[in-house]
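The file entry.cif comes next; it holds mmCIF, C-alpha atoms.
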```
data_work
#
loop_
_atom_site.group_PDB
_atom_site.id
_atom_site.type_symbol
_atom_site.label_atom_id
_atom_site.label_comp_id
_atom_site.auth_asym_id
_atom_site.auth_seq_id
_atom_site.Cartn_x
_atom_site.Cartn_y
_atom_site.Cartn_z
ATOM 1 C CA MET L 1 124.315 103.997 130.436
ATOM 2 C CA SER L 2 123.362 100.619 128.993
ATOM 3 C CA ASN L 3 125.278 98.925 126.201
ATOM 4 C CA ARG L 4 122.737 100.168 123.659
ATOM 5 C CA GLY L 5 122.753 103.570 125.302
ATOM 6 C CA VAL L 6 126.468 104.000 124.614
ATOM 7 C CA ILE L 7 126.016 102.984 120.986
ATOM 8 C CA PHE L 8 122.963 105.185 120.338
ATOM 9 C CA PHE L 9 124.051 108.164 122.460
ATOM 10 C CA PRO L 10 126.053 109.824 119.622
ATOM 11 C CA ILE L 11 123.014 109.533 117.327
ATOM 12 C CA GLY L 12 120.711 111.112 119.905
ATOM 13 C CA ALA L 13 123.246 113.841 120.677
ATOM 14 C CA LEU L 14 123.668 114.599 116.963
ATOM 15 C CA LEU L 15 119.908 114.821 116.409
ATOM 16 C CA LEU L 16 119.458 117.149 119.386
ATOM 17 C CA SER L 17 122.404 119.223 118.173
ATOM 18 C CA LEU L 18 120.796 119.558 114.719
ATOM 19 C CA ILE L 19 117.591 120.778 116.360
ATOM 20 C CA ALA L 20 119.625 123.271 118.389
ATOM 21 C CA TYR L 21 121.452 124.484 115.287
ATOM 22 C CA PHE L 22 118.296 125.203 113.290
ATOM 23 C CA ASN L 23 116.293 126.446 116.274
ATOM 24 C CA PRO L 24 118.831 127.829 118.770
ATOM 25 C CA ALA L 25 116.588 130.143 120.827
ATOM 26 C CA PRO L 26 115.171 127.545 123.292
ATOM 27 C CA PHE L 27 118.676 126.260 123.990
ATOM 28 C CA THR L 28 120.485 129.598 124.294
ATOM 29 C CA HIS L 29 117.907 130.703 126.874
ATOM 30 C CA VAL L 30 119.002 127.884 129.197
ATOM 31 C CA LYS L 31 122.778 128.326 128.854
ATOM 32 C CA GLY L 32 122.970 128.936 132.611
ATOM 33 C CA THR L 33 122.046 125.294 133.207
ATOM 34 C CA ILE L 34 125.323 123.883 131.803
ATOM 35 C CA ILE L 35 127.177 123.826 135.126
ATOM 36 C CA PRO L 36 124.213 122.468 137.183
ATOM 37 C CA LEU L 37 123.663 119.790 134.506
ATOM 38 C CA LEU L 38 127.314 118.720 134.649
ATOM 39 C CA ALA L 39 127.206 118.622 138.468
ATOM 40 C CA LEU L 40 124.147 116.381 138.149
ATOM 41 C CA VAL L 41 126.042 114.091 135.763
ATOM 42 C CA MET L 42 128.886 113.851 138.295
ATOM 43 C CA PHE L 43 126.394 113.108 141.090
ATOM 44 C CA PHE L 44 124.867 110.280 139.050
ATOM 45 C CA MET L 45 128.385 109.032 138.313
ATOM 46 C CA GLY L 46 128.968 108.717 142.056
ATOM 47 C CA MET L 47 125.577 107.038 142.483
ATOM 48 C CA THR L 48 126.291 104.378 139.862
ATOM 49 C CA LEU L 49 130.019 103.647 140.219
ATOM 50 C CA THR L 50 129.528 100.677 142.529
ATOM 51 C CA LEU L 51 126.152 99.631 141.144
ATOM 52 C CA THR L 52 127.009 99.181 137.492
ATOM 53 C CA LEU L 53 127.650 96.046 135.495
ATOM 54 C CA THR L 54 126.959 93.568 138.331
ATOM 55 C CA LEU L 55 130.349 94.146 139.944
ATOM 56 C CA THR L 56 131.021 92.937 143.471
ATOM 57 C CA TRP L 57 133.469 94.235 146.038
ATOM 58 C CA GLN L 58 135.689 91.261 145.181
ATOM 59 C CA HIS L 59 136.253 92.772 141.732
ATOM 60 C CA PHE L 60 137.405 96.025 143.303
ATOM 61 C CA LYS L 61 139.497 94.174 145.860
ATOM 62 C CA GLN L 62 141.353 92.453 143.029
ATOM 63 C CA ALA L 63 141.741 95.718 141.110
ATOM 64 C CA LEU L 64 143.176 97.476 144.177
ATOM 65 C CA LYS L 65 145.990 94.939 144.186
ATOM 66 C CA GLN L 66 147.306 96.688 141.061
ATOM 67 C CA PRO L 67 147.939 100.274 142.230
ATOM 68 C CA LEU L 68 150.859 100.732 139.819
ATOM 69 C CA ILE L 69 148.675 100.419 136.721
ATOM 70 C CA ILE L 70 146.274 103.008 138.167
ATOM 71 C CA LEU L 71 149.205 105.380 138.742
ATOM 72 C CA LEU L 72 150.535 104.606 135.264
ATOM 73 C CA THR L 73 147.146 105.408 133.689
ATOM 74 C CA ILE L 74 146.848 108.729 135.531
ATOM 75 C CA SER L 75 150.412 109.607 134.484
ATOM 76 C CA ILE L 76 149.740 108.778 130.819
ATOM 77 C CA GLN L 77 146.461 110.718 130.934
ATOM 78 C CA PHE L 78 147.783 113.914 132.466
ATOM 79 C CA ILE L 79 151.126 113.901 130.625
ATOM 80 C CA PHE L 80 150.212 112.869 127.086
ATOM 81 C CA MET L 81 146.664 114.140 126.581
ATOM 82 C CA PRO L 82 147.435 117.845 127.319
ATOM 83 C CA LEU L 83 150.655 117.548 125.305
ATOM 84 C CA PHE L 84 148.874 116.005 122.310
ATOM 85 C CA ALA L 85 146.193 118.709 122.483
ATOM 86 C CA TYR L 86 148.766 121.501 122.515
ATOM 87 C CA LEU L 87 150.851 120.013 119.684
ATOM 88 C CA LEU L 88 147.804 119.310 117.501
ATOM 89 C CA ALA L 89 146.389 122.792 118.049
ATOM 90 C CA ASN L 90 149.680 124.333 116.933
ATOM 91 C CA ALA L 91 150.285 121.916 114.065
ATOM 92 C CA LEU L 92 146.777 122.495 112.672
ATOM 93 C CA GLN L 93 146.914 126.240 113.441
ATOM 94 C CA LEU L 94 143.687 126.353 115.421
ATOM 95 C CA SER L 95 142.305 129.673 116.603
ATOM 96 C CA GLU L 96 143.042 130.792 120.150
ATOM 97 C CA ALA L 97 139.535 129.850 121.336
ATOM 98 C CA HIS L 98 139.664 126.378 119.798
ATOM 99 C CA THR L 99 143.189 125.827 121.137
ATOM 100 C CA ILE L 100 141.929 126.650 124.634
ATOM 101 C CA GLY L 101 139.024 124.236 124.206
ATOM 102 C CA LEU L 102 141.196 121.374 122.947
ATOM 103 C CA VAL L 103 143.769 121.846 125.718
ATOM 104 C CA LEU L 104 140.998 121.864 128.330
ATOM 105 C CA VAL L 105 139.787 118.539 126.946
ATOM 106 C CA GLY L 106 143.336 117.220 127.187
ATOM 107 C CA CYS L 107 143.670 118.334 130.801
ATOM 108 C CA SER L 108 140.399 116.664 131.877
ATOM 109 C CA ALA L 109 139.905 113.433 133.803
ATOM 110 C CA GLY L 110 138.556 110.159 132.425
ATOM 111 C CA GLY L 111 135.056 110.286 130.950
ATOM 112 C CA THR L 112 131.931 108.863 132.555
ATOM 113 C CA ALA L 113 131.210 106.520 129.616
ATOM 114 C CA SER L 114 134.639 104.864 129.704
ATOM 115 C CA ASN L 115 133.519 102.216 132.209
ATOM 116 C CA VAL L 116 130.744 100.868 129.989
ATOM 117 C CA ILE L 117 132.931 101.052 126.879
ATOM 118 C CA CYS L 118 135.526 99.065 128.857
ATOM 119 C CA TYR L 119 132.865 96.445 129.627
ATOM 120 C CA LEU L 120 131.909 96.210 125.933
ATOM 121 C CA ALA L 121 135.604 95.830 125.008
ATOM 122 C CA LYS L 122 136.104 92.992 127.539
ATOM 123 C CA GLY L 123 138.491 95.081 129.612
ATOM 124 C CA ASN L 124 138.904 95.154 133.403
ATOM 125 C CA VAL L 125 135.794 97.081 134.457
ATOM 126 C CA ALA L 126 136.550 97.337 138.179
ATOM 127 C CA LEU L 127 139.990 98.715 137.320
ATOM 128 C CA SER L 128 138.426 101.164 134.864
ATOM 129 C CA ILE L 129 136.070 102.485 137.555
ATOM 130 C CA LEU L 130 138.936 102.968 140.013
ATOM 131 C CA MET L 131 140.935 104.753 137.301
ATOM 132 C CA THR L 132 138.013 107.099 136.586
ATOM 133 C CA MET L 133 137.616 107.875 140.283
ATOM 134 C CA ALA L 134 141.341 108.478 140.751
ATOM 135 C CA SER L 135 141.722 110.739 137.698
ATOM 136 C CA THR L 136 138.553 112.657 138.655
ATOM 137 C CA LEU L 137 139.970 113.413 142.106
ATOM 138 C CA CYS L 138 143.385 114.324 140.653
ATOM 139 C CA ALA L 139 141.752 116.675 138.133
ATOM 140 C CA VAL L 140 140.828 119.096 140.937
ATOM 141 C CA ILE L 141 144.479 120.172 141.080
ATOM 142 C CA ALA L 142 145.949 118.798 137.834
ATOM 143 C CA MET L 143 143.480 120.356 135.387
ATOM 144 C CA PRO L 144 143.951 124.021 136.437
ATOM 145 C CA LEU L 145 147.738 123.645 136.765
ATOM 146 C CA LEU L 146 148.131 121.935 133.383
ATOM 147 C CA SER L 147 145.856 124.523 131.769
ATOM 148 C CA TYR L 148 148.127 127.229 133.182
ATOM 149 C CA ILE L 149 151.268 125.496 131.882
ATOM 150 C CA TYR L 150 149.948 125.186 128.325
ATOM 151 C CA LEU L 151 147.793 128.305 127.992
ATOM 152 C CA SER L 152 149.191 131.028 130.245
ATOM 153 C CA GLN L 153 151.510 132.413 127.553
ATOM 154 C CA SER L 154 148.541 133.398 125.392
ATOM 155 C CA VAL L 155 145.628 133.855 127.825
ATOM 156 C CA ALA L 156 145.046 134.466 131.537
ATOM 157 C CA VAL L 157 144.240 131.197 133.336
ATOM 158 C CA PRO L 158 142.404 131.621 136.690
ATOM 159 C CA VAL L 159 143.972 128.620 138.434
ATOM 160 C CA THR L 160 142.446 129.136 141.890
ATOM 161 C CA ASP L 161 138.959 129.849 140.547
ATOM 162 C CA MET L 162 139.142 126.764 138.317
ATOM 163 C CA MET L 163 140.118 124.597 141.287
ATOM 164 C CA ARG L 164 137.152 125.946 143.231
ATOM 165 C CA SER L 165 134.810 125.273 140.308
ATOM 166 C CA ILE L 166 136.052 121.694 139.839
ATOM 167 C CA LEU L 167 135.567 121.065 143.546
ATOM 168 C CA LEU L 168 131.968 122.250 143.328
ATOM 169 C CA ILE L 169 131.136 120.779 139.912
ATOM 170 C CA VAL L 170 132.960 117.442 140.147
ATOM 171 C CA PHE L 171 134.438 116.518 143.511
ATOM 172 C CA LEU L 172 131.505 117.265 145.830
ATOM 173 C CA PRO L 173 128.792 115.741 143.579
ATOM 174 C CA VAL L 174 130.837 112.541 143.014
ATOM 175 C CA VAL L 175 131.627 112.152 146.725
ATOM 176 C CA THR L 176 128.006 112.873 147.696
ATOM 177 C CA GLY L 177 126.651 110.390 145.154
ATOM 178 C CA THR L 178 129.140 107.722 146.249
ATOM 179 C CA ALA L 179 128.268 108.261 149.934
ATOM 180 C CA ILE L 180 124.522 107.967 149.268
ATOM 181 C CA ASN L 181 125.144 104.884 147.162
ATOM 182 C CA SER L 182 127.271 103.295 149.909
ATOM 183 C CA PHE L 183 124.625 103.747 152.608
ATOM 184 C CA LEU L 184 121.434 103.392 150.564
ATOM 185 C CA GLY L 185 122.610 101.375 147.563
ATOM 186 C CA ARG L 186 120.446 98.338 148.362
ATOM 187 C CA TYR L 187 117.330 100.536 148.147
ATOM 188 C CA LEU L 188 118.348 101.973 144.769
ATOM 189 C CA ILE L 189 118.773 98.754 142.791
ATOM 190 C CA ARG L 190 115.376 99.094 141.102
ATOM 191 C CA VAL L 191 116.114 102.574 139.774
ATOM 192 C CA GLN L 192 119.837 102.233 139.076
ATOM 193 C CA GLY L 193 119.212 102.054 135.316
ATOM 194 C CA LEU L 194 117.668 105.523 135.341
ATOM 195 C CA PHE L 195 120.771 107.331 136.607
ATOM 196 C CA PRO L 196 122.954 106.658 133.525
ATOM 197 C CA LEU L 197 119.962 107.531 131.334
ATOM 198 C CA PHE L 198 119.585 110.899 133.082
ATOM 199 C CA SER L 199 123.337 111.461 132.653
ATOM 200 C CA SER L 200 123.129 110.729 128.917
ATOM 201 C CA VAL L 201 120.245 113.155 128.461
ATOM 202 C CA ALA L 202 122.058 115.844 130.471
ATOM 203 C CA ILE L 203 125.269 115.479 128.425
ATOM 204 C CA ALA L 204 123.325 115.548 125.139
ATOM 205 C CA LEU L 205 121.550 118.716 126.309
ATOM 206 C CA ILE L 206 124.869 120.346 127.242
ATOM 207 C CA ILE L 207 126.207 119.579 123.746
ATOM 208 C CA ALA L 208 123.041 120.983 122.138
ATOM 209 C CA ILE L 209 123.320 124.219 124.155
ATOM 210 C CA ILE L 210 126.931 124.659 123.023
ATOM 211 C CA VAL L 211 125.915 124.057 119.390
ATOM 212 C CA ALA L 212 123.127 126.643 119.693
ATOM 213 C CA LEU L 213 125.468 129.219 121.248
ATOM 214 C CA ASN L 214 128.026 128.577 118.494
ATOM 215 C CA GLN L 215 125.572 128.678 115.591
ATOM 216 C CA HIS L 216 127.267 131.733 114.073
ATOM 217 C CA ASN L 217 130.704 130.104 114.470
ATOM 218 C CA PHE L 218 129.914 127.011 112.407
ATOM 219 C CA ALA L 219 130.221 128.890 109.119
ATOM 220 C CA SER L 220 133.890 129.526 109.899
ATOM 221 C CA LEU L 221 134.496 126.163 111.574
ATOM 222 C CA SER L 222 137.331 124.465 109.725
ATOM 223 C CA TRP L 223 137.954 120.790 109.196
ATOM 224 C CA ALA L 224 141.116 121.320 111.230
ATOM 225 C CA VAL L 225 139.077 121.459 114.456
ATOM 226 C CA LEU L 226 137.316 118.179 113.685
ATOM 227 C CA ALA L 227 140.637 116.613 112.664
ATOM 228 C CA ALA L 228 142.222 117.804 115.924
ATOM 229 C CA VAL L 229 139.406 116.266 117.992
ATOM 230 C CA VAL L 230 139.584 112.923 116.147
ATOM 231 C CA LEU L 231 143.400 112.736 116.236
ATOM 232 C CA HIS L 232 143.505 113.745 119.897
ATOM 233 C CA ASN L 233 141.185 110.902 120.840
ATOM 234 C CA MET L 234 142.960 108.334 118.651
ATOM 235 C CA LEU L 235 146.439 109.312 119.872
ATOM 236 C CA GLY L 236 145.246 109.007 123.465
ATOM 237 C CA MET L 237 143.808 105.547 122.863
ATOM 238 C CA GLY L 238 146.968 104.521 121.008
ATOM 239 C CA VAL L 239 149.451 105.585 123.672
ATOM 240 C CA GLY L 240 147.129 104.209 126.356
ATOM 241 C CA TYR L 241 147.288 100.800 124.716
ATOM 242 C CA PHE L 242 150.921 100.528 123.671
ATOM 243 C CA ILE L 243 152.667 101.791 126.813
ATOM 244 C CA PRO L 244 151.098 99.071 129.029
ATOM 245 C CA ARG L 245 151.744 96.567 126.214
ATOM 246 C CA LEU L 246 155.446 97.499 126.239
ATOM 247 C CA LEU L 247 155.415 96.966 130.015
ATOM 248 C CA LYS L 248 154.034 93.421 129.483
ATOM 249 C CA TYR L 249 150.532 93.958 130.894
ATOM 250 C CA ASP L 250 147.834 91.597 129.643
ATOM 251 C CA THR L 251 145.418 92.472 126.826
ATOM 252 C CA ALA L 252 142.459 93.283 129.104
ATOM 253 C CA ILE L 253 144.475 95.866 131.034
ATOM 254 C CA CYS L 254 145.902 97.376 127.823
ATOM 255 C CA ARG L 255 142.359 97.827 126.499
ATOM 256 C CA THR L 256 141.246 99.305 129.815
ATOM 257 C CA VAL L 257 144.039 101.901 129.916
ATOM 258 C CA SER L 258 143.520 102.757 126.232
ATOM 259 C CA ILE L 259 139.830 103.527 126.766
ATOM 260 C CA GLU L 260 140.408 105.382 130.037
ATOM 261 C CA VAL L 261 143.082 107.648 128.517
ATOM 262 C CA GLY L 262 141.306 108.274 125.212
ATOM 263 C CA MET L 263 137.840 109.021 126.619
ATOM 264 C CA GLN L 264 138.020 112.339 128.461
ATOM 265 C CA ASN L 265 135.485 114.112 130.691
ATOM 266 C CA SER L 266 134.828 116.615 127.919
ATOM 267 C CA GLY L 267 131.702 117.888 129.692
ATOM 268 C CA LEU L 268 133.952 119.380 132.364
ATOM 269 C CA SER L 269 136.075 121.093 129.722
ATOM 270 C CA VAL L 270 132.893 122.564 128.201
ATOM 271 C CA ALA L 271 131.724 123.949 131.550
ATOM 272 C CA LEU L 272 135.104 125.528 132.355
ATOM 273 C CA ALA L 273 135.485 126.924 128.835
ATOM 274 C CA MET L 274 132.079 128.615 129.133
ATOM 275 C CA LYS L 275 132.736 129.958 132.615
ATOM 276 C CA TYR L 276 136.287 131.258 132.238
ATOM 277 C CA PHE L 277 136.995 131.689 128.519
ATOM 278 C CA SER L 278 134.443 131.859 125.686
ATOM 279 C CA VAL L 279 131.537 130.142 123.955
ATOM 280 C CA ALA L 280 133.789 129.219 121.020
ATOM 281 C CA ALA L 281 136.277 127.570 123.410
ATOM 282 C CA ALA L 282 133.559 125.119 124.459
ATOM 283 C CA LEU L 283 133.083 123.781 120.927
ATOM 284 C CA PRO L 284 135.992 121.256 120.828
ATOM 285 C CA GLY L 285 134.727 119.715 124.070
ATOM 286 C CA ALA L 286 131.210 119.352 122.660
ATOM 287 C CA MET L 287 132.575 117.736 119.490
ATOM 288 C CA PHE L 288 134.796 115.449 121.549
ATOM 289 C CA SER L 289 131.776 114.304 123.605
ATOM 290 C CA ILE L 290 130.107 112.960 120.493
ATOM 291 C CA TRP L 291 133.209 111.620 118.787
ATOM 292 C CA HIS L 292 134.740 109.668 121.684
ATOM 293 C CA ASN L 293 131.511 107.693 122.109
ATOM 294 C CA ILE L 294 131.566 106.819 118.402
ATOM 295 C CA SER L 295 135.237 105.775 118.425
ATOM 296 C CA GLY L 296 134.928 104.050 121.799
ATOM 297 C CA SER L 297 131.926 101.925 120.861
ATOM 298 C CA THR L 298 133.521 101.085 117.484
ATOM 299 C CA ILE L 299 136.813 99.867 118.927
ATOM 300 C CA ALA L 300 134.961 98.076 121.748
ATOM 301 C CA SER L 301 132.925 96.175 119.154
ATOM 302 C CA TYR L 302 136.120 95.245 117.278
ATOM 303 C CA TRP L 303 137.911 94.095 120.436
ATOM 304 C CA ARG L 304 134.885 92.147 121.648
ATOM 305 C CA GLN L 305 134.682 90.187 118.392
ATOM 306 C CA LYS L 306 138.427 89.660 118.368
#
```
Now, as a test, write the supplied structure out as structure tokens.
Amino acid sequence: MSNRGVIFFPIGALLLSLIAYFNPAPFTHVKGTIIPLLALVMFFMGMTLTLTLTLTWQHFKQALKQPLIILLTISIQFIFMPLFAYLLANALQLSEAHTIGLVLVGCSAGGTASNVICYLAKGNVALSILMTMASTLCAVIAMPLLSYIYLSQSVAVPVTDMMRSILLIVFLPVVTGTAINSFLGRYLIRVQGLFPLFSSVAIALIIAIIVALNQHNFASLSWAVLAAVVLHNMLGMGVGYFIPRLLKYDTAICRTVSIEVGMQNSGLSVALAMKYFSVAAALPGAMFSIWHNISGSTIASYWRQK
């Protein structure tokens, strides 16, 4: 996703969502494509991780010299984000379906757009990419287990099935894309800009499908759900910034961790909500997908000017 692509993605996603809301039939008929589309996004993520933003292996070599900050970021992400989601859902008295959706967002890995947002914010891009890869791999086990911890008292959580799904939807596509990129990357330079574009279109289509499927739920959709999504994202970015700051890390790393923690792989939460819970449970993830790109690009613009 190019710099402009990140900025204009929320607008495009909103427009497509409006079309889906007023004319849901074409989108509801393709609801079975959500999981294949997300797998495709993950594949393109693997294809572009080492091609993006003119990074060299020296950047990654330098980033790998800081394993503690990667571990710290993963810890912040998988400790605070599910906890914030659970507390916000209870404080704002969200419905069971929306609570499930928000918690699934909180239990997800770092989002695919975080690396470009990090670049716009003058963060450490190579470190951001390694953080995204690490949290994505950890999510195979962490996401189902955390979902069970926070949701099992109110709803059955199929931990083993979720692990299997994440392996198929996330792990295998990312690894396959990375492997192809490693061996054939020099032949893909000319088309590398298309992969993020395809990912953006796929994510926007996933959001539109969820909007279409939830058309009848929007009448009863409260401001509490939107508030929960916004607060969840902002709390994640806040704790992601201030914990490294307290530990005396430099500004670039603090910005990097903030963006990585606050921008979740909400597409994965949407796919799992649809597969194992309900259509309504996918709505917070769809809303988060739009919002975190708006907040991310806004704070990146502020930090870049600063």
Name the residues captured by the PyMOL selection byres ((chain L and resi 70) around 8) when it is applied to the shown file; answer as a PyMOL selection string. chain L and resi 66-69+71-74+127+130-131+134
Fewer than 6 positions away in the same chain doesn't count, so skip those; otherwise give me all residues within 12 Å of stretch 229-234 of chain L, counting only C-alpha atoms, as a ChimeraX atom specification. /L:77,80-89,91-92,94,98-99,101-107,110-111,222-223,240-241,258-266,283-296,298-299
Report as a PyMOL selection string the residues that result from applying the PyMOL selection byres ((chain L and resi 136) around 12) to the structure here. chain L and resi 42+45-46+74+77-78+107-112+129-135+137-143+166-167+169-175+260+264-265+268
Using the selection just defined, write its residues with C-alpha atoms as a PDB file, in the frame of the given file.
```pdb
ATOM      1  CA  MET L  42     128.886 113.851 138.295  1.00  0.00           C
ATOM      2  CA  MET L  45     128.385 109.032 138.313  1.00  0.00           C
ATOM      3  CA  GLY L  46     128.968 108.717 142.056  1.00  0.00           C
ATOM      4  CA  ILE L  74     146.848 108.729 135.531  1.00  0.00           C
ATOM      5  CA  GLN L  77     146.461 110.718 130.934  1.00  0.00           C
ATOM      6  CA  PHE L  78     147.783 113.914 132.466  1.00  0.00           C
ATOM      7  CA  CYS L 107     143.670 118.334 130.801  1.00  0.00           C
ATOM      8  CA  SER L 108     140.399 116.664 131.877  1.00  0.00           C
ATOM      9  CA  ALA L 109     139.905 113.433 133.803  1.00  0.00           C
ATOM     10  CA  GLY L 110     138.556 110.159 132.425  1.00  0.00           C
ATOM     11  CA  GLY L 111     135.056 110.286 130.950  1.00  0.00           C
ATOM     12  CA  THR L 112     131.931 108.863 132.555  1.00  0.00           C
ATOM     13  CA  ILE L 129     136.070 102.485 137.555  1.00  0.00           C
ATOM     14  CA  LEU L 130     138.936 102.968 140.013  1.00  0.00           C
ATOM     15  CA  MET L 131     140.935 104.753 137.301  1.00  0.00           C
ATOM     16  CA  THR L 132     138.013 107.099 136.586  1.00  0.00           C
ATOM     17  CA  MET L 133     137.616 107.875 140.283  1.00  0.00           C
ATOM     18  CA  ALA L 134     141.341 108.478 140.751  1.00  0.00           C
ATOM     19  CA  SER L 135     141.722 110.739 137.698  1.00  0.00           C
ATOM     20  CA  LEU L 137     139.970 113.413 142.106  1.00  0.00           C
ATOM     21  CA  CYS L 138     143.385 114.324 140.653  1.00  0.00           C
ATOM     22  CA  ALA L 139     141.752 116.675 138.133  1.00  0.00           C
ATOM     23  CA  VAL L 140     140.828 119.096 140.937  1.00  0.00           C
ATOM     24  CA  ILE L 141     144.479 120.172 141.080  1.00  0.00           C
ATOM     25  CA  ALA L 142     145.949 118.798 137.834  1.00  0.00           C
ATOM     26  CA  MET L 143     143.480 120.356 135.387  1.00  0.00           C
ATOM     27  CA  ILE L 166     136.052 121.694 139.839  1.00  0.00           C
ATOM     28  CA  LEU L 167     135.567 121.065 143.546  1.00  0.00           C
ATOM     29  CA  ILE L 169     131.136 120.779 139.912  1.00  0.00           C
ATOM     30  CA  VAL L 170     132.960 117.442 140.147  1.00  0.00           C
ATOM     31  CA  PHE L 171     134.438 116.518 143.511  1.00  0.00           C
ATOM     32  CA  LEU L 172     131.505 117.265 145.830  1.00  0.00           C
ATOM     33  CA  PRO L 173     128.792 115.741 143.579  1.00  0.00           C
ATOM     34  CA  VAL L 174     130.837 112.541 143.014  1.00  0.00           C
ATOM     35  CA  VAL L 175     131.627 112.152 146.725  1.00  0.00           C
ATOM     36  CA  GLU L 260     140.408 105.382 130.037  1.00  0.00           C
ATOM     37  CA  GLN L 264     138.020 112.339 128.461  1.00  0.00           C
ATOM     38  CA  ASN L 265     135.485 114.112 130.691  1.00  0.00           C
ATOM     39  CA  LEU L 268     133.952 119.380 132.364  1.00  0.00           C
TER      40      LEU L 268
END
```
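Across the structure, atom CA of L:Pro144 and atom CA of L:Met162 are spaced 5.8 Å apart.
In this structure, atom CA of L:Gln93 sits 26.0 Å away from atom CA of L:Ile209.
Taking atom CA of L:Met274 and atom CA of L:Leu18 as endpoints, the distance between them is 20.4 Å.
Excluding L:Leu205 itself and any same-chain residue fewer than 3 positions from it, the protein and nucleic acid residues within 9 Å of it, counting only C-alpha atoms, are Ala13, Leu16, Ser17, Phe27, Ile34, Leu37, Ser200, Val201, Ala202, Ala208, Ile209 and Ile210 of chain L.
Take the candidates L:Ser165, L:Ile79, L:Gly236, L:Phe183 and check each one against L:Tyr150 using only C-alpha atoms; the shortest distance goes to L:Ile79.
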If you count all atoms listed in the file, the residue of L:Ile76, L:Ala212, L:Leu146, L:Leu168 closest to L:Val30 turns out to be L:Ala212
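Between L:Ile180 and the candidates L:Ile203, L:Met47, L:Ile253, L:Ala224, the tightest atom-to-atom separation, counting all atoms listed in the file, involves L:Met47.
Nearest residue to L:Ala282 among L:Ala300, L:Leu38, L:Ala97, L:Ile11 is L:Ala97, counting all atoms listed in the file.
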Box for stretch 268-285 of chain L: with edges along x, y and z, all listed atoms inside and 8 Å added on each side, what are the centre and edge lengths in Å to one decimal, as lines of an AutoDock Vina configuration file?
```
center_x = 134.3
center_y = 125.6
center_z = 126.7
size_x = 21.5
size_y = 28.5
size_z = 27.8
```
Quick one: residues within 9 Å of (128.4, 132.1, 120.5) (file frame), counting only C-alpha atoms, please, as a PyMOL selection string. chain L and resi 210-217+278-280
Kindly provide, as a VMD selection string, the polymer residues lying within 9 Å of (132.3, 96.5, 126.5), counting all atoms listed in the file and using the coordinates exactly as they appear in the file. chain L and resid 3 115 to 123 125 297 300 to 301 303 to 304
